[in-house]
Structure formats: C-alpha cells, structure tokens
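Novice: First the structure, which I've put down as structure tokens, then a few questions once you've had a look.
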Amino acid sequence: MTNYSRLQRAAAAELLIRRKARESIHQYVNAIDVPGKPVDDDEDDDGADFSFSIETDLAAHHELLLAKLDEVSTKPHGRLMVFMPPGSAKSTYASVVFPSRYLGQKRNRKVILASYGDDLARKMGRRTRSIVKQSRYAGIFNATLTAESKAADQFALTNGSEYMACGILGGITGNRANGIIIDDPIKGREQANSETIRNKTFDAYSDDLKTRLIPGGWIVLIQTRWHEDDLAGRILPESWAGESGPIMCRDGNVWEVLCLQARCEVDSDPLGRAKGEYLWPEWFDQKHWAQFESNARTWSALYQQRPVPLEGNLFKPDRLVTVDAIPAGHIYWFRAWDLASTPDGDWTAGPLLGKTADGKFIIADMKRFREGPDIRDEIMKNTAAADGRRVKIGIPQDPGQAGKGQVLYLTRALAGYTVVSSPETGDKVTRAEPFAAQVNVGNVMVLRGDWNKALIDELRSFPNSTYDDQVDGLSRAFGELMTKAPMRISEDTLRRT
C-alpha cells in the first residue's frame, strides 16, 4: 500500500469519526480526549496542562448520564437532577464534556456553570476549554476558541457560542443563557448544616441564576445530598424517597431525576441493578466502598443520596409501638404547640402526648397545618374544645415583647383551659434528647392514624429534616409531663369531655 493510500484511508477514517461525533454524544466522548485533573492546579488559566485522558472507559452510568443530558438540553424548560456518589465522574461528563459539545453543535449557544465557589467553577471551565482547544474538536464542529478567550471562567467560540462560570453566591449579572449547570452548590457538611448558607444558596438560585435563563431554557442540578434541606431538597416534593424518573416538584416543574446509589437499595434502579449491587464494579471494588460504609451518616448522605441513615440520627422511629386504641387506665395528657404564622412556610404542630400510670408514653394525636394567625388560632381553640378542659395546653414564648404579647393573646383566647407557657431554652437537639431516649427504648406508643407517616419521616430525619415542628412540640410536651403534673384523666373521661 502506498503512502498516499494510507493517507487516504486515515483521512476517510477521521471524517467518519467526526461525523459520528456530531451525530451521537457517546461517539463524541470516544472521539475526544477527556481531560483528567490538571497536572498542576497552580498553573495560570492559559497555561494549564491536563492529564490526558481520563483513567477509565465510558461506563454504563456515564452513558445513561450523557443520554439524559442530551435529552434535557433539547427539551423546552428541561430540568434534570443528578445524584451520584463522589468519584463517579459525574462532573467530568456533565460539567466538562457535555457543555463542550453543546456549545459546538450550534451557533450562538450560551451556557452558565455555577458551583459553590469561583475556584471550582474556574477549574471546570479550564477543563472544558481544553477540549475546545483540541484539533479534533475544530474538525468536528468547525469551531474553536476566539483569539480573545484567555480566561477559564468566560470564553467564546468562533461560532458565537459562549461559556461562563461563577460561584453560585457570587452571582453572574448581565448575561443570559440557554442552559444552566449547577454542580455542587454546597461545599461540604459545614456549609450544608448552616441554615444561613442554605437560605443564601436557594435565594441565589431563585433570584439570580434562574433570571439569567432565556425563555424555555434548561437547568441541570448535580450534587450529592449533604442535607435534606439542600437546594435539591427544597425543589423535590416532600414525599420524595429516592425515586428516579420524571418527578413533579414544588417549583411547578417536572424534573427528570437520575438517582444512583453506591449500593442499590431500590427496586427501580435506573441501571437495572438488583438490590445489593454496587455502582461501577469495573472501577471500584467492594473494599473501596467498605471504607465509607462504616460511617453511617456519610454513607447515607454522600453515597446513598439520603441525607440521614434509614434508622435515623437521634430518633429510632422503628421502635415506636403502634397501637389501635388508647390503653385503659389513668393517663396524664398534655397538648403542646409549636407555632408558625404563614400558609406557605413552616408548619404549626400540636401533638397530644400522654403519660400512663406505669411510666409509658403515647402520642394520641397530631394537629399539623399551614395557616395564617387567624385560622391558626381558631384551629387551636377548636382543638382545645375537642380535647376538653382537663387537657393542659403548652405554648412557646418567643423572645422579646412580641413573644409576651402573643402568649397573653393566646392565653386569653383559650380562656377556661389550663395554659402554660415558657421560652425555649437550649438548642433543638438538646431539647429533643430526653424524649428521643424514651422512643429509642420502645417506651413510646403511637395511636394509628393518617398523620403517622409525616411524624415518622420527621423523626427519622431529625435534626437534618426540612421541618422539625412536630419534634419541637413533642419535646415541649414531654418536658412538661416530666417536670409538672398535668391533670390525670382516664380514656373514658377524655372521650366524654
């Protein structure tokens, strides 16, 4: 074969590779050099060098992820959440490889990538830009970097497409985008445990990032679940329990959820794994996963995409004893309220807790609702009337004069009933620990009712749960039952009042 023939064959093979790369995102990944981590993170933006290529082949979960990304980016108002364990290369394919192809495919596309900090966003931008600089990329899309594109956090292609990267709290003003990728909006457990940071992150997403989206644009959210009240947790429905697929969420959008646990524990795994099978066995052996499984809290949040272990953190709700009737005999009763004042924020909760003569406890009822002050106070009065005058009522006293005024108003509104009030002391966990101890030794019964599931879910997640109103109410009721002497009444008396 002549050198000319070899060159012809090589040229034909190259043209075939380029054509397939344009047609399929999976073929595109096979055609380019996927960048690994920078050889030297201290390199400046323009001089960054990368370890080519990434150390592993395209795995099944990568193929699935790429297909979902391709799908969401072509769907009006497309929404995708991606939950995968650390080390699964989700960021490499979703935040580095995918945007490089999306920008090259068509003219004048714009993508914003946001992360918890400018540095991480810039590093991912450097890796994306390194793909665009490859000679084969130019052959595939007939586009490359513009001469002015020197910065890793903002660059343009010769086809008019643009890339921007930022820290989510830093904001990115004056730019619009066809699509937004949010990768790791929370840095770690310390930030995740900060309600202030969680609120700021959600506000930045709602008030800043989303306003940068052109009409009909798409959003991809990639994260591990550090906290139940994280960004994903505020969007997902409260009933979400790890399912994948299209999910109607609280923001009114249907989000495609791709949730892959390190060890499969669901019946409908997106990869078709059986329960007990681990992710990416070609790369990670069981010994790798074992080192993380020993820490239940970390394993559950980062690797299983559940922010709390199934058995719970403080409470072990599986040790509650469910009963179909209130036990006979004398019971001390106390109805404690945890108050909220808005129809779309926190819940107002009012558990009815009883203490039996033999020292056991029973949760006999739970009032839980979201209403403004007028309706809330009316429900409290109606509940008191249904409970009867012999059930004591407890309400918290918020700090300051406003708290004293609220207690005075509610006490007057509940005239004829025994009302006690006191300020909250100590943190929520400290207040809940005494009652949790009784739950965890099986000394607490719960009367079967349609309110049981919401209570058990909150107990299981506490103190990382999105809401803690029921726990706060039970902690107050338990404290009153243990330190004071509520009226002792029998079940028959309770029913007659």
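Residues are named by chain letter and number: chains run A, B, ... in the order of the structure tokens, numbers start at 1 in each chain, and ligands are numbered from 1 in the order shown.
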At a cut-off of 12 Å, can you tabulate as a Markdown table every residue of range 175-239 of chain A near range 92-110 of chain A together with its closest atom pair and the distance in Å to one decimal, using only C-alpha atoms and ordering rows by chain then number?
Specialist:
```
| residue | atom | partner | partner_atom | distance |
| --- | --- | --- | --- | --- |
| A:Asn175 | CA | A:Lys110 | CA | 9.0 |
| A:Arg176 | CA | A:Lys110 | CA | 7.3 |
| A:Ala177 | CA | A:Lys110 | CA | 4.7 |
| A:Asn178 | CA | A:Lys110 | CA | 5.4 |
| A:Gly179 | CA | A:Lys110 | CA | 6.8 |
| A:Ile180 | CA | A:Lys110 | CA | 8.9 |
| A:Ile181 | CA | A:Ser95 | CA | 6.9 |
| A:Ile182 | CA | A:Ser95 | CA | 8.4 |
| A:Asp183 | CA | A:Ser95 | CA | 7.1 |
| A:Asp184 | CA | A:Ser95 | CA | 10.5 |
| A:Arg212 | CA | A:Lys110 | CA | 10.6 |
| A:Leu213 | CA | A:Lys110 | CA | 9.7 |
| A:Ile214 | CA | A:Lys110 | CA | 9.7 |
| A:Gly217 | CA | A:Lys110 | CA | 10.3 |
| A:Trp218 | CA | A:Lys110 | CA | 11.2 |
| A:Ile219 | CA | A:Ala94 | CA | 11.8 |
| A:Val220 | CA | A:Ala94 | CA | 8.7 |
| A:Leu221 | CA | A:Ala94 | CA | 9.7 |
| A:Ile222 | CA | A:Ala94 | CA | 8.1 |
| A:Gln223 | CA | A:Ala94 | CA | 11.2 |
```
Novice: With N, CA and C atoms retained, write the just-selected residues as a PDB file, in the first residue's frame.
Specialist:
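Result written to result-v1.pdb:
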```pdb
ATOM      1  N   ASN A 175     -25.669  38.582  31.891  1.00  0.00           N
ATOM      2  CA  ASN A 175     -25.536  37.525  30.901  1.00  0.00           C
ATOM      3  C   ASN A 175     -26.801  36.681  30.870  1.00  0.00           C
ATOM      4  N   ARG A 176     -27.125  36.174  29.715  1.00  0.00           N
ATOM      5  CA  ARG A 176     -28.270  35.283  29.547  1.00  0.00           C
ATOM      6  C   ARG A 176     -27.750  33.955  29.020  1.00  0.00           C
ATOM      7  N   ALA A 177     -28.495  32.899  29.232  1.00  0.00           N
ATOM      8  CA  ALA A 177     -28.022  31.578  28.835  1.00  0.00           C
ATOM      9  C   ALA A 177     -29.165  30.700  28.363  1.00  0.00           C
ATOM     10  N   ASN A 178     -28.835  29.797  27.421  1.00  0.00           N
ATOM     11  CA  ASN A 178     -29.783  28.765  27.002  1.00  0.00           C
ATOM     12  C   ASN A 178     -29.917  27.686  28.055  1.00  0.00           C
ATOM     13  N   GLY A 179     -28.833  27.468  28.794  1.00  0.00           N
ATOM     14  CA  GLY A 179     -28.842  26.422  29.801  1.00  0.00           C
ATOM     15  C   GLY A 179     -27.940  26.754  30.968  1.00  0.00           C
ATOM     16  N   ILE A 180     -28.292  26.240  32.144  1.00  0.00           N
ATOM     17  CA  ILE A 180     -27.518  26.456  33.371  1.00  0.00           C
ATOM     18  C   ILE A 180     -27.184  25.102  33.982  1.00  0.00           C
ATOM     19  N   ILE A 181     -25.918  24.902  34.296  1.00  0.00           N
ATOM     20  CA  ILE A 181     -25.462  23.713  35.009  1.00  0.00           C
ATOM     21  C   ILE A 181     -25.026  24.141  36.404  1.00  0.00           C
ATOM     22  N   ILE A 182     -25.632  23.550  37.427  1.00  0.00           N
ATOM     23  CA  ILE A 182     -25.264  23.835  38.812  1.00  0.00           C
ATOM     24  C   ILE A 182     -24.620  22.570  39.372  1.00  0.00           C
ATOM     25  N   ASP A 183     -23.341  22.646  39.652  1.00  0.00           N
ATOM     26  CA  ASP A 183     -22.583  21.475  40.091  1.00  0.00           C
ATOM     27  C   ASP A 183     -22.025  21.729  41.486  1.00  0.00           C
ATOM     28  N   ASP A 184     -22.455  20.932  42.451  1.00  0.00           N
ATOM     29  CA  ASP A 184     -22.025  21.085  43.841  1.00  0.00           C
ATOM     30  C   ASP A 184     -22.295  22.491  44.373  1.00  0.00           C
ATOM     31  N   ARG A 212     -31.285  34.486  34.750  1.00  0.00           N
ATOM     32  CA  ARG A 212     -30.356  34.549  33.613  1.00  0.00           C
ATOM     33  C   ARG A 212     -30.787  33.632  32.472  1.00  0.00           C
ATOM     34  N   LEU A 213     -31.798  32.807  32.715  1.00  0.00           N
ATOM     35  CA  LEU A 213     -32.220  31.806  31.739  1.00  0.00           C
ATOM     36  C   LEU A 213     -33.132  32.434  30.695  1.00  0.00           C
ATOM     37  N   ILE A 214     -32.845  32.171  29.421  1.00  0.00           N
ATOM     38  CA  ILE A 214     -33.744  32.654  28.378  1.00  0.00           C
ATOM     39  C   ILE A 214     -35.047  31.853  28.449  1.00  0.00           C
ATOM     40  N   GLY A 217     -35.418  27.862  28.584  1.00  0.00           N
ATOM     41  CA  GLY A 217     -34.095  27.284  28.801  1.00  0.00           C
ATOM     42  C   GLY A 217     -34.100  26.124  29.768  1.00  0.00           C
ATOM     43  N   TRP A 218     -32.971  25.385  29.815  1.00  0.00           N
ATOM     44  CA  TRP A 218     -32.874  24.163  30.616  1.00  0.00           C
ATOM     45  C   TRP A 218     -31.956  24.374  31.816  1.00  0.00           C
ATOM     46  N   ILE A 219     -32.152  23.537  32.846  1.00  0.00           N
ATOM     47  CA  ILE A 219     -31.332  23.568  34.060  1.00  0.00           C
ATOM     48  C   ILE A 219     -30.930  22.143  34.422  1.00  0.00           C
ATOM     49  N   VAL A 220     -29.655  21.959  34.755  1.00  0.00           N
ATOM     50  CA  VAL A 220     -29.151  20.688  35.274  1.00  0.00           C
ATOM     51  C   VAL A 220     -28.564  20.942  36.659  1.00  0.00           C
ATOM     52  N   LEU A 221     -29.019  20.196  37.650  1.00  0.00           N
ATOM     53  CA  LEU A 221     -28.512  20.298  39.020  1.00  0.00           C
ATOM     54  C   LEU A 221     -27.798  19.000  39.376  1.00  0.00           C
ATOM     55  N   ILE A 222     -26.503  19.110  39.713  1.00  0.00           N
ATOM     56  CA  ILE A 222     -25.673  17.943  40.020  1.00  0.00           C
ATOM     57  C   ILE A 222     -25.167  18.084  41.447  1.00  0.00           C
ATOM     58  N   GLN A 223     -25.437  17.116  42.296  1.00  0.00           N
ATOM     59  CA  GLN A 223     -24.961  17.224  43.671  1.00  0.00           C
ATOM     60  C   GLN A 223     -25.056  15.896  44.394  1.00  0.00           C
TER      61      GLN A 223
END
```
Novice: Output as a PyMOL selection string all residues of range 99-183 of chain A that backbone DSSP marks as helix (DSSP H, G or I).
Specialist: chain A and resi 99-105+118-132+135-141
Novice: Just the residues within 9 Å of Leu64 in chain A, please, counting only C-alpha atoms, with nothing from its chain fewer than 5 positions along; format it as a count of residues only.
Specialist: 5
Novice: Go through A:Leu113, A:Val321, A:Val419, A:Ile140 and flag the residue nearest Ile32 in chain A, using only C-alpha atoms for the distances.
Specialist: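 Ranked by minimum distance to Ile32 in chain A, first place goes to A:Ile140.
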Novice: Can you work out the spacing between CA of His227 in chain A and CA of Gln397 in chain A in Å, to one decimal?
Specialist: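 It comes out at 28.8 Å.
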Novice: What's the 12 Å shell around Arg136 in chain A, counting only C-alpha atoms, without same-chain residues fewer than 5 positions away, as a PyMOL selection string?
Specialist: chain A and resi 14-15+17-19+21-22+28-33+104+130-131+141-144
Novice: With only C-alpha atoms as the basis for distance, which of A:Leu7, A:Leu320, A:Ala12, A:Ala386 is at the shortest distance from Ile456 in chain A?
Specialist: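 Between A:Leu7, A:Leu320, A:Ala12, A:Ala386, the residue approaching Ile456 in chain A most closely is A:Leu320.
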Novice: From the options A:Met124, A:Leu459, A:Leu414, A:Ala241, which residue's atoms come nearest to Val429 in chain A, counting only C-alpha atoms?
Specialist: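 Residue with the minimum atom-to-atom distance to Val429 in chain A: A:Leu459.
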Novice: Choose the residue, out of A:Met445, A:Val257, A:Leu481, A:Ala296, that has the smallest atom-to-atom separation from Pro327 in chain A; count only C-alpha atoms.
Specialist: A:Met445
Novice: Once DSSP has gone over the backbone, tell me which residues of range 89-256 of chain A are in strand (DSSP E), as number ranges by chain.
Specialist: A: 110-115, 154-156, 162-167, 177-183, 213-222, 245-248, 254-256
Novice: At a cut-off of 12 Å, using only C-alpha atoms, what residues contact Ala232 in chain A? Leave out same-chain residues fewer than 4 positions from it and give the result as JSON, numbers by chain.
Specialist: {"A": [79, 80, 81, 82, 83, 182, 183, 184, 185, 186, 192, 198, 201, 202, 205, 220, 221, 222, 223, 224, 225, 226, 227, 228, 236, 237, 238, 240, 242, 249, 250, 251, 255, 257, 259, 305, 306, 307, 466]}
Novice: What does the structure give for the distance between CA of Lys360 in chain A and CA of Trp333 in chain A, in Å to one decimal?
Specialist: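 Atom-to-atom, CA of Lys360 in chain A and CA of Trp333 in chain A are spaced 12.1 Å apart.
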Novice: Which residues come within 10 Å of Leu169 in chain A, counting only C-alpha atoms, excluding same-chain residues fewer than 6 positions away, as a ChimeraX atom specification?
Specialist: /A:114-118,185,197,200-205,208-209
Novice: Separation of CA of Arg129 in chain A and CA of Ala165 in chain A, in Å?
Specialist: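 Pair CA of Arg129 in chain A / CA of Ala165 in chain A returns 11.5 Å.
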Novice: Tell me, as a VMD selection string, which residues lie within 10 Å of Gly416 in chain A, counting only C-alpha atoms; anything in the same chain fewer than 2 positions away does not count.
Specialist: chain A and resid 384 to 385 388 to 389 411 to 414 418 to 419
